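**Q** Hey, dropping work-v6.tsv in here, TSV, C-alpha atoms:
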```tsv
chain	number	residue	atom	x	y	z
A	1	ALA	CA	-32.11	-14.80	-7.87
A	2	LEU	CA	-33.46	-14.39	-4.36
A	3	ASP	CA	-33.25	-10.68	-3.59
A	4	SER	CA	-35.59	-8.20	-1.90
A	5	LEU	CA	-37.75	-7.96	-5.03
A	6	ALA	CA	-38.06	-11.75	-5.31
A	7	THR	CA	-38.98	-11.99	-1.63
A	8	ALA	CA	-41.73	-9.37	-2.03
A	9	LEU	CA	-42.98	-11.04	-5.21
A	10	MET	CA	-43.09	-14.52	-3.66
A	11	ALA	CA	-45.25	-13.25	-0.81
A	12	ARG	CA	-47.81	-12.08	-3.36
A	13	LEU	CA	-47.56	-15.25	-5.42
A	14	ARG	CA	-48.26	-17.34	-2.31
A	15	LEU	CA	-51.24	-15.14	-1.49
A	16	HIS	CA	-52.70	-15.77	-4.95
A	17	GLY	CA	-51.82	-19.48	-5.01
A	18	ILE	CA	-49.46	-19.12	-7.99
A	19	LYS	CA	-46.76	-21.82	-8.10
A	20	HIS	CA	-43.22	-20.49	-8.36
A	21	PHE	CA	-39.58	-21.27	-7.65
A	22	VAL	CA	-36.20	-19.56	-7.38
A	23	ILE	CA	-33.09	-20.73	-9.23
A	24	GLU	CA	-30.04	-20.66	-6.93
A	25	THR	CA	-26.60	-21.30	-8.41
A	26	ASP	CA	-24.94	-22.23	-5.12
A	27	PRO	CA	-26.08	-25.73	-3.95
A	28	VAL	CA	-25.27	-24.93	-0.31
A	29	LYS	CA	-27.44	-21.80	-0.37
A	30	ALA	CA	-30.15	-23.76	-2.18
A	31	VAL	CA	-30.24	-26.35	0.61
A	32	GLN	CA	-30.59	-23.61	3.23
A	33	LEU	CA	-33.37	-21.93	1.25
A	34	HIS	CA	-35.15	-25.29	1.01
A	35	VAL	CA	-34.86	-25.72	4.77
A	36	ASP	CA	-36.31	-22.22	5.18
A	37	GLY	CA	-39.33	-23.21	3.10
A	38	VAL	CA	-38.40	-21.35	-0.09
A	39	PRO	CA	-39.36	-23.21	-3.30
A	40	VAL	CA	-35.91	-23.51	-4.88
A	41	VAL	CA	-33.96	-25.48	-7.48
A	42	THR	CA	-30.23	-25.37	-8.02
A	43	GLY	CA	-28.51	-24.81	-11.35
A	44	ARG	CA	-26.82	-22.17	-13.45
A	45	VAL	CA	-29.38	-19.57	-14.49
A	46	GLU	CA	-27.81	-19.12	-17.93
A	47	ASP	CA	-27.61	-22.84	-18.79
A	48	ARG	CA	-29.95	-24.42	-21.30
A	49	ALA	CA	-29.87	-27.69	-19.32
A	50	THR	CA	-31.34	-25.93	-16.26
A	51	ASP	CA	-34.18	-24.42	-18.28
A	52	GLU	CA	-34.94	-27.67	-20.06
A	53	ALA	CA	-34.99	-29.62	-16.79
A	54	LEU	CA	-37.49	-27.10	-15.44
A	55	ALA	CA	-39.67	-27.29	-18.58
A	56	VAL	CA	-39.37	-23.52	-18.87
A	57	GLU	CA	-41.53	-23.52	-22.00
A	58	LYS	CA	-44.56	-24.25	-19.76
A	59	ALA	CA	-43.97	-21.28	-17.43
A	60	VAL	CA	-46.58	-18.52	-17.30
A	61	LEU	CA	-43.73	-16.03	-16.78
A	62	VAL	CA	-39.95	-16.01	-16.31
A	63	VAL	CA	-38.53	-13.15	-14.23
A	64	ALA	CA	-34.87	-12.33	-14.90
A	65	ASN	CA	-33.71	-10.24	-11.94
A	66	CYS	CA	-29.92	-10.58	-12.16
A	67	ALA	CA	-27.36	-8.14	-13.61
A	68	ASP	CA	-28.17	-6.75	-17.08
A	69	THR	CA	-25.54	-8.90	-18.80
A	70	ILE	CA	-26.79	-12.08	-17.13
A	71	ASN	CA	-30.42	-11.16	-17.84
A	72	THR	CA	-29.53	-10.82	-21.53
A	73	ASN	CA	-27.92	-14.27	-21.48
A	74	ILE	CA	-30.93	-15.76	-19.67
A	75	THR	CA	-33.29	-14.26	-22.25
A	76	LEU	CA	-31.30	-15.56	-25.21
A	77	THR	CA	-31.06	-19.05	-23.69
A	78	ILE	CA	-34.80	-19.26	-23.01
A	79	ARG	CA	-35.66	-17.89	-26.42
A	80	ASP	CA	-33.59	-20.68	-27.96
A	81	ILE	CA	-35.86	-23.17	-26.18
A	82	SER	CA	-39.21	-21.40	-26.56
A	83	PRO	CA	-40.24	-18.37	-28.61
A	84	GLN	CA	-43.53	-18.09	-26.71
A	85	VAL	CA	-42.80	-18.13	-22.97
A	86	PRO	CA	-43.22	-14.58	-21.55
A	87	ILE	CA	-40.04	-13.05	-20.08
A	88	ALA	CA	-39.85	-10.04	-17.77
A	89	ALA	CA	-36.31	-8.70	-17.35
A	90	LEU	CA	-35.03	-6.01	-15.01
A	91	ALA	CA	-32.77	-3.32	-16.49
A	92	GLU	CA	-30.30	-1.47	-14.27
A	93	HIS	CA	-28.86	0.69	-17.07
A	94	GLU	CA	-30.78	2.66	-19.69
A	95	GLN	CA	-28.62	1.31	-22.51
A	96	SER	CA	-29.64	-2.24	-21.56
A	97	ILE	CA	-33.32	-1.67	-22.33
A	98	ASP	CA	-33.03	-1.96	-26.10
A	99	LEU	CA	-30.58	-4.86	-25.85
A	100	LEU	CA	-32.91	-6.87	-23.60
A	101	GLU	CA	-35.83	-6.20	-25.94
A	102	LEU	CA	-33.77	-7.27	-28.95
A	103	SER	CA	-32.72	-10.40	-27.05
A	104	GLY	CA	-36.37	-11.39	-26.70
A	105	SER	CA	-37.65	-10.01	-23.39
A	106	ASN	CA	-41.37	-9.24	-23.61
A	107	HIS	CA	-41.33	-6.84	-20.68
A	108	VAL	CA	-38.21	-4.84	-19.80
A	109	MET	CA	-38.50	-3.06	-16.45
A	110	PRO	CA	-36.12	-0.18	-15.68
A	111	LEU	CA	-37.28	-0.11	-12.05
A	112	LYS	CA	-34.97	2.64	-10.82
A	113	ARG	CA	-36.32	4.95	-13.51
A	114	GLN	CA	-39.88	3.99	-12.62
A	115	LEU	CA	-39.18	4.46	-8.90
A	116	GLY	CA	-37.92	8.00	-9.54
A	117	GLN	CA	-40.99	8.79	-11.63
A	118	HIS	CA	-43.40	7.51	-8.98
A	119	LEU	CA	-41.67	9.49	-6.24
A	120	ALA	CA	-41.82	12.63	-8.39
A	121	ASN	CA	-45.52	12.09	-9.11
A	122	ARG	CA	-46.24	12.19	-5.37
A	123	ALA	CA	-44.60	15.59	-4.85
A	124	ASN	CA	-46.53	18.76	-4.06
A	125	ALA	CA	-45.45	21.70	-6.19
A	126	GLY	CA	-47.07	24.72	-7.80
A	127	HIS	CA	-50.87	24.66	-7.91
A	128	LEU	CA	-52.83	22.07	-5.96
A	129	HIS	CA	-53.69	19.17	-8.25
A	130	CYS	CA	-54.47	15.46	-8.31
A	131	ASN	CA	-51.68	12.91	-8.51
A	132	ILE	CA	-52.74	9.98	-10.72
A	133	VAL	CA	-51.59	6.75	-9.06
A	134	GLY	CA	-53.31	4.09	-11.14
A	135	ARG	CA	-56.10	3.02	-13.44
A	136	LEU	CA	-58.86	0.41	-13.28
A	137	GLY	CA	-60.36	0.14	-16.75
A	138	ASP	CA	-61.90	3.55	-17.47
A	139	LEU	CA	-61.54	4.69	-13.85
A	140	LEU	CA	-58.55	6.66	-12.60
A	141	ILE	CA	-57.25	6.46	-9.03
A	142	ALA	CA	-55.83	9.76	-7.78
A	143	GLU	CA	-54.91	11.55	-4.56
A	144	PHE	CA	-54.57	15.20	-3.60
A	145	PRO	CA	-53.39	17.21	-0.56
A	146	VAL	CA	-55.60	19.52	1.48
A	147	HIS	CA	-52.74	21.26	3.33
A	148	ASN	CA	-53.31	25.02	3.73
A	149	THR	CA	-56.73	24.92	2.06
A	150	PRO	CA	-60.26	25.61	3.34
A	151	LEU	CA	-60.89	21.84	2.99
A	152	VAL	CA	-59.05	21.24	6.29
A	153	GLY	CA	-61.49	20.55	9.10
A	154	ARG	CA	-64.36	19.74	6.76
A	155	SER	CA	-66.07	16.37	6.47
A	156	LEU	CA	-66.34	14.41	3.22
A	157	ARG	CA	-70.08	15.02	3.33
A	158	GLU	CA	-69.46	18.78	3.37
A	159	MET	CA	-67.08	18.55	0.42
A	160	GLN	CA	-69.89	17.02	-1.71
A	161	LEU	CA	-67.52	15.60	-4.32
A	162	ARG	CA	-69.99	12.88	-5.26
A	163	ASP	CA	-72.83	15.37	-5.68
A	164	THR	CA	-70.85	18.00	-7.61
A	165	LEU	CA	-68.33	15.92	-9.59
A	166	GLY	CA	-69.76	12.39	-9.47
A	167	MET	CA	-66.63	10.81	-7.93
A	168	ASN	CA	-66.00	8.96	-4.71
A	169	VAL	CA	-63.42	9.40	-1.97
A	170	VAL	CA	-62.45	5.77	-1.26
A	171	ALA	CA	-59.75	6.27	1.40
A	172	VAL	CA	-57.55	8.90	3.02
A	173	TRP	CA	-53.81	8.95	3.64
A	174	GLU	CA	-53.13	9.95	7.24
A	175	LYS	CA	-49.44	10.18	8.21
A	176	GLY	CA	-48.42	7.32	5.98
A	177	ARG	CA	-51.46	5.16	6.75
A	178	LEU	CA	-54.20	4.50	4.23
A	179	VAL	CA	-57.45	4.52	6.21
A	180	PRO	CA	-61.08	3.83	5.21
A	181	VAL	CA	-63.57	6.68	5.22
A	182	THR	CA	-67.19	7.48	6.00
A	183	PRO	CA	-69.19	10.59	5.06
A	184	ASP	CA	-68.32	11.96	8.50
A	185	THR	CA	-64.53	11.60	8.09
A	186	ILE	CA	-62.89	14.95	8.89
A	187	LEU	CA	-59.91	16.00	6.79
A	188	ALA	CA	-56.83	17.02	8.76
A	189	ASP	CA	-54.10	19.38	7.53
A	190	GLY	CA	-51.93	16.44	6.46
A	191	SER	CA	-54.71	14.39	4.84
A	192	PHE	CA	-54.52	13.11	1.28
A	193	PRO	CA	-57.95	11.94	0.06
A	194	VAL	CA	-57.82	9.11	-2.50
A	195	VAL	CA	-60.50	9.40	-5.19
A	196	MET	CA	-61.76	7.27	-8.08
A	197	GLY	CA	-63.41	8.68	-11.16
A	198	SER	CA	-63.33	9.10	-14.90
A	199	LYS	CA	-60.66	11.14	-16.66
A	200	GLU	CA	-63.19	13.97	-17.12
A	201	GLN	CA	-64.09	13.91	-13.42
A	202	ILE	CA	-60.42	14.03	-12.38
A	203	THR	CA	-59.88	16.98	-14.75
A	204	ASN	CA	-62.87	18.76	-13.21
A	205	LEU	CA	-61.46	18.12	-9.73
A	206	ASP	CA	-58.13	19.64	-10.83
A	207	THR	CA	-60.02	22.73	-12.02
A	208	TYR	CA	-61.73	22.91	-8.63
A	209	LEU	CA	-58.43	22.58	-6.74
A	210	VAL	CA	-56.23	24.89	-8.83
A	211	ILE	CA	-57.20	28.01	-6.83
A	212	TYR	CA	-55.68	26.53	-3.66
A	213	ASN	CA	-52.24	26.09	-2.14
A	214	THR	CA	-49.99	27.71	-4.74
A	215	ASN	CA	-46.33	27.16	-3.85
A	216	PHE	CA	-43.87	27.67	-6.69
A	217	ASN	CA	-40.78	27.48	-4.47
A	218	PRO	CA	-38.19	24.87	-5.48
A	219	VAL	CA	-38.72	21.23	-4.54
A	220	LEU	CA	-35.76	19.75	-2.67
A	221	VAL	CA	-34.30	16.41	-3.84
A	222	ILE	CA	-31.69	14.84	-1.54
A	223	GLY	CA	-29.50	12.28	-3.30
A	224	GLY	CA	-27.95	12.49	-6.76
A	225	GLY	CA	-27.95	8.80	-7.72
A	226	LYS	CA	-29.97	7.25	-10.53
A	227	VAL	CA	-33.28	7.51	-8.67
A	228	GLY	CA	-32.57	11.09	-7.61
A	229	CYS	CA	-31.70	12.13	-11.17
A	230	VAL	CA	-34.85	10.57	-12.62
A	231	THR	CA	-36.96	12.18	-9.88
A	232	THR	CA	-35.43	15.56	-10.67
A	233	GLN	CA	-35.82	15.20	-14.43
A	234	THR	CA	-39.47	14.13	-14.05
A	235	LEU	CA	-40.27	17.13	-11.87
A	236	ARG	CA	-38.50	19.56	-14.19
A	237	SER	CA	-40.36	18.15	-17.20
A	238	ARG	CA	-43.52	19.35	-15.42
A	239	GLY	CA	-42.08	22.83	-15.05
A	240	VAL	CA	-41.16	22.39	-11.38
A	241	THR	CA	-37.98	24.09	-10.10
A	242	VAL	CA	-35.72	21.59	-8.31
A	243	HIS	CA	-32.77	22.04	-5.97
A	244	MET	CA	-30.62	18.94	-5.43
A	245	ILE	CA	-28.27	18.06	-2.57
A	246	GLU	CA	-25.55	15.48	-3.19
A	247	ARG	CA	-22.87	14.52	-0.69
A	248	GLU	CA	-20.14	13.34	-3.07
A	249	GLU	CA	-17.99	16.06	-4.63
A	250	SER	CA	-16.85	13.53	-7.27
A	251	LEU	CA	-20.37	13.56	-8.78
A	252	ARG	CA	-20.48	17.32	-9.31
A	253	SER	CA	-19.52	17.25	-12.99
A	254	SER	CA	-21.99	14.46	-13.87
A	255	LEU	CA	-24.83	16.25	-12.05
A	256	GLU	CA	-24.30	19.70	-13.53
A	257	GLY	CA	-27.48	20.73	-15.33
A	258	VAL	CA	-29.62	17.92	-13.88
A	259	ALA	CA	-31.25	20.20	-11.31
A	260	ASP	CA	-31.91	23.93	-11.46
A	261	GLN	CA	-29.37	24.32	-8.66
A	262	LEU	CA	-26.93	21.77	-7.23
A	263	PHE	CA	-25.62	21.83	-3.65
A	264	ILE	CA	-22.66	19.62	-2.78
A	265	GLY	CA	-22.34	18.67	0.88
A	266	ASP	CA	-23.89	16.75	3.75
A	267	ALA	CA	-27.69	17.08	3.87
A	268	ALA	CA	-27.44	16.97	7.68
A	269	ASP	CA	-25.71	20.37	7.53
A	270	LEU	CA	-28.31	22.90	8.70
A	271	GLU	CA	-26.79	25.78	6.77
A	272	LEU	CA	-26.67	23.73	3.56
A	273	LEU	CA	-30.28	22.60	3.94
A	274	MET	CA	-31.50	26.13	4.45
A	275	SER	CA	-29.39	27.43	1.55
A	276	ALA	CA	-31.01	24.76	-0.63
A	277	GLY	CA	-34.47	26.07	0.29
A	278	LEU	CA	-35.88	23.72	2.93
A	279	ALA	CA	-37.67	26.57	4.74
A	280	ASP	CA	-39.97	27.23	1.76
A	281	ALA	CA	-39.95	23.92	-0.16
A	282	PRO	CA	-43.40	22.43	-0.89
A	283	SER	CA	-41.89	18.91	-0.96
A	284	VAL	CA	-38.70	17.11	0.09
A	285	LEU	CA	-37.77	13.90	-1.72
A	286	LEU	CA	-35.26	11.54	-0.11
A	287	THR	CA	-33.75	9.33	-2.81
A	288	THR	CA	-30.60	7.89	-1.21
A	289	ASN	CA	-30.33	4.08	-1.04
A	290	ASP	CA	-29.42	4.25	2.67
A	291	ASP	CA	-32.52	3.61	4.81
A	292	ALA	CA	-30.88	4.88	7.99
A	293	MET	CA	-29.95	8.13	6.28
A	294	ASN	CA	-33.45	8.59	4.86
A	295	ILE	CA	-34.98	7.99	8.30
A	296	TYR	CA	-32.57	10.47	9.87
A	297	LEU	CA	-33.27	13.08	7.19
A	298	SER	CA	-37.04	12.60	7.56
A	299	VAL	CA	-36.79	13.49	11.23
A	300	TYR	CA	-34.38	16.37	10.58
A	301	CYS	CA	-36.35	17.97	7.75
A	302	ARG	CA	-39.66	17.54	9.56
A	303	ARG	CA	-38.30	19.22	12.72
A	304	LEU	CA	-36.85	22.11	10.75
A	305	ASN	CA	-40.00	22.63	8.69
A	306	PRO	CA	-43.22	20.71	9.44
A	307	ASP	CA	-45.01	21.88	6.28
A	308	PRO	CA	-43.47	20.20	3.19
A	309	ARG	CA	-44.56	16.76	2.02
A	310	VAL	CA	-41.72	14.34	2.77
A	311	ILE	CA	-41.43	11.54	0.20
A	312	SER	CA	-38.83	8.80	0.52
A	313	ARG	CA	-37.59	5.64	-1.09
A	314	ILE	CA	-36.89	2.68	1.18
A	315	THR	CA	-34.86	-0.47	0.63
A	316	HIS	CA	-35.85	-2.84	3.44
A	317	ALA	CA	-39.47	-3.50	4.41
A	318	ARG	CA	-38.50	-3.66	8.09
A	319	ASN	CA	-37.84	0.10	8.00
A	320	ILE	CA	-41.24	1.18	6.71
A	321	GLU	CA	-42.80	1.86	10.11
A	322	ALA	CA	-39.65	3.63	11.29
A	323	ILE	CA	-39.59	6.08	8.39
A	324	HIS	CA	-43.29	6.85	8.77
A	325	ARG	CA	-42.70	7.54	12.46
A	326	ALA	CA	-39.82	9.77	11.40
A	327	GLY	CA	-42.24	11.96	9.45
A	328	ALA	CA	-42.31	10.66	5.87
A	329	ASP	CA	-45.71	11.11	4.23
A	330	PHE	CA	-45.18	8.68	1.36
A	331	VAL	CA	-42.75	5.77	1.05
A	332	LEU	CA	-42.01	3.44	-1.86
A	333	SER	CA	-39.40	0.73	-2.34
A	334	TYR	CA	-37.74	-0.78	-5.37
A	335	SER	CA	-38.89	-4.26	-4.31
A	336	SER	CA	-42.60	-3.47	-3.86
A	337	LEU	CA	-42.65	-1.49	-7.12
A	338	GLY	CA	-41.12	-4.46	-8.93
A	339	ALA	CA	-43.44	-6.98	-7.28
A	340	GLU	CA	-46.52	-4.93	-8.23
A	341	SER	CA	-45.27	-4.49	-11.81
A	342	ILE	CA	-44.79	-8.25	-12.20
A	343	MET	CA	-48.13	-9.12	-10.56
A	344	SER	CA	-49.90	-6.73	-12.94
A	345	LEU	CA	-48.35	-8.67	-15.85
A	346	LEU	CA	-49.49	-12.00	-14.43
A	347	GLN	CA	-53.01	-10.71	-13.76
A	348	ARG	CA	-53.20	-8.85	-17.09
A	349	ARG	CA	-54.07	-5.52	-15.53
A	350	GLU	CA	-52.53	-2.10	-15.25
A	351	SER	CA	-50.11	-1.49	-12.42
A	352	VAL	CA	-51.49	0.48	-9.46
A	353	ILE	CA	-48.95	1.89	-6.99
A	354	LEU	CA	-50.88	2.85	-3.86
A	355	GLY	CA	-47.81	2.97	-1.61
A	356	GLU	CA	-45.58	0.79	0.49
A	357	GLY	CA	-47.49	-2.01	2.23
A	358	PHE	CA	-50.75	-1.52	0.30
A	359	ASP	CA	-51.93	-3.84	-2.47
A	360	LEU	CA	-54.85	-3.77	-4.87
A	361	PHE	CA	-56.72	-7.02	-5.41
A	362	TYR	CA	-59.95	-8.16	-7.00
A	363	VAL	CA	-62.90	-9.94	-5.38
A	364	PRO	CA	-66.13	-11.08	-7.03
A	365	VAL	CA	-69.10	-8.79	-6.45
A	366	PRO	CA	-71.49	-10.45	-3.97
A	367	ALA	CA	-74.93	-11.13	-5.40
A	368	SER	CA	-76.44	-8.82	-2.74
A	369	LEU	CA	-74.40	-5.86	-4.13
A	370	ALA	CA	-74.61	-6.57	-7.86
A	371	GLY	CA	-76.27	-3.73	-9.70
```
Represent the structure from my file as C-alpha cells, please.
**A**
Amino acid sequence: ALDSLATALMARLRLHGIKHFVIETDPVKAVQLHVDGVPVVTGRVEDRATDEALAVEKAVLVVANCADTINTNITLTIRDISPQVPIAALAEHEQSIDLLELSGSNHVMPLKRQLGQHLANRANAGHLHCNIVGRLGDLLIAEFPVHNTPLVGRSLREMQLRDTLGMNVVAVWEKGRLVPVTPDTILADGSFPVVMGSKEQITNLDTYLVIYNTNFNPVLVIGGGKVGCVTTQTLRSRGVTVHMIEREESLRSSLEGVADQLFIGDAADLELLMSAGLADAPSVLLTTNDDAMNIYLSVYCRRLNPDPRVISRITHARNIEAIHRAGADFVLSYSSLGAESIMSLLQRRESVILGEGFDLFYVPVPASLAG
C-alpha cells in the first residue's frame, strides 16, 4: 500500500537504483499514481493471481504494510507460491507478531514499539552517558550531551578524545542539525557530539562522562498511546522515573501503573505541566500522533524551561523543519524508521537510526585513502 512509509522507502530505493512497485487495489487510484510517476500495478494484494502475475517468487523482498490481518493473508498467499522469497511484515499489535512469524514472515517489524524505544534511547536522564544509535561491524555509533558540563565552550582538539580514548568525533548535533566537525569545532551548551568507536572505547567514554550532569528528576512523557507507553516502559526498565501526561480521561484505567505518576489533562495547561515536573525534567518526550500538537508543545515546553532535551515523534516529513524551529532537539518518524529498517534488510547491514532526514550509506574507499 502507498502510505508515508512506502513513500519514504521508495525515495531510498530510487536513490540506490533498486526496482520496485506498489500494489494498488483501486484501479482509478492506480491510474493516478501512474500519472504521478509512481511504479504501480493494480490488483488485490491478497490474491494469488496478483502475486503470480508479478512473479513474486523472483522478488528480493516483499513488504507487507497493510493492517495486521491483511498482512497475515498476504504472507500466507505468498508462502503458498514460494517458500524462499523474503517477506517483511509490519505489525501494529503485539499479539500479531507471533502470528505473522508463524504465517511465514521472515522479518516482523513492530514499528510503533521500535519508535518508542528509539525515542527513549535519546532521552537525557540520571548520569551523563552515551546513547548508542547504531553499529557498523565492530564499531558503535553513539552520541552524548554536553549540557551543564565543563565540555561546553571547549574545542574537539581540547577534549582529546582520540588521544585519550582512541575514538573519533564524526559530527555534532546542533539544534536538530547534524553538522560536520573539525578539530577547532567549539561545543555549545546544546551540542551532542556523535562518536564512533569500539564497545570498550564507548564504555571508557561512559566512565569519563559519569561524573557530569547528574539529573535524577523524572522524565516527562506527553501522550499515552502505544508509542508513549513503550517509551515510558523503556525508560523505566533503565531505572528512570517517568511522569506521563495523557489528555483522555477514558484511558486512565489502562494507563495506571505504566508510568511512575500519571497526570490526566491537557498538556497545554501550565499548572498541569508544572505539577508533572517540567521545571526540573532532564528530558521531555512528545509522543502524540498529532504533528501540530507536538510542534505547539515543543514551543511551549521550551519557553517554560529551556534546559530539558525535547524529543518528538513526527508523522509528516513536511513538518520536520517546523518542529526543529519550535525547539525539538531530536525528531523521528514512523515512516523514516520503517524505511531505514527495510533498507538495512535489503543491504544486509544493521539498522542505524541517526535521526529524521539523515541517512547512512556506503561508498568505496578511494585508492588515495586506502590504508
**Q** Could you check the closest approach to Phe358 of chain A for each of A:Ile245, A:Leu346, A:Leu178, A:Ile186 and tell me which residue wins, using all atoms listed in the file?
**A** A:Leu178
**Q** Please list as a list in words every residue within 9 Å of Gly338 of chain A, counting all atoms listed in the file and excluding residues in the same chain fewer than 2 positions away.
**A** Leu5, Ala6, Ala8, Leu9, Leu90, Met109, Leu111, Ser333, Tyr334, Ser335, Ser336, Glu340, Ser341, Ile342 and Met343 of chain A
**Q** For a quick check of understanding, using all atoms listed in the file, which of A:Cys66, A:Ile23, A:Ile202, A:Leu33 has the smallest distance to Ala53 of chain A?
**A**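 Smallest separation from Ala53 of chain A among the options: A:Ile23.
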**Q** Take the point (-38.7, -18.0, -28.3) in the file's coordinates, draw a sphere of radius 12 Å around it, and report as a count of residues only every protein, DNA or RNA residue with an atom inside or on it, counting all atoms listed in the file.
**A** 21
**Q** Anything within 12 Å of (-47.0, 21.5, -7.0): list those residues as a PyMOL selection string, counting only C-alpha atoms and sticking to the file's coordinates.
**A** chain A and resi 120-131+144-145+147+206+209-210+212-219+235-236+238-242+281-284+308-309
**Q** Given the choices A:Gly225, A:Gly166, A:Gly277, A:Pro364, which gets closest to Arg113 of chain A if the distance is worked out from all atoms listed in the file?
**A**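 Nearest candidate to Arg113 of chain A out of A:Gly225, A:Gly166, A:Gly277, A:Pro364: A:Gly225.
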**Q** Please determine, counting only C-alpha atoms, which residue among A:Thr7, A:Thr231, A:Thr149, A:Ser351 has the shortest atom-to-atom distance to Ile311 of chain A.
**A** A:Thr231
**Q** What is the atom CA of Tyr362 of chain A to atom CA of Pro193 of chain A distance in Å?
**A**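 So the answer is 21.4 Å.
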**Q** Out of A:Leu139, A:Ile222, A:Cys229, A:Ile320, which residue has the shortest atom-to-atom distance to Gly265 of chain A when counting all atoms listed in the file?
**A**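 The closest residue to Gly265 of chain A is A:Ile222.
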**Q** With only C-alpha atoms as the basis for distance, which of A:Leu99, A:Ala59, A:Ala11, A:Ile211 is at the shortest distance from Asn148 of chain A?
**A**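 That would be A:Ile211, the residue with the smallest distance to Asn148 of chain A.
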**Q** Could you please determine the separation between atom CA of Val227 of chain A and atom CA of Thr287 of chain A in Å, to one decimal place?
**A**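 Computing it gives 6.2 Å between the two atoms.
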**Q** For atom CA of Gly355 of chain A and atom CA of Gly190 of chain A, determine how far apart the two atoms are, in Å to one decimal place.
**A**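 Interatomic distance here is 16.2 Å.
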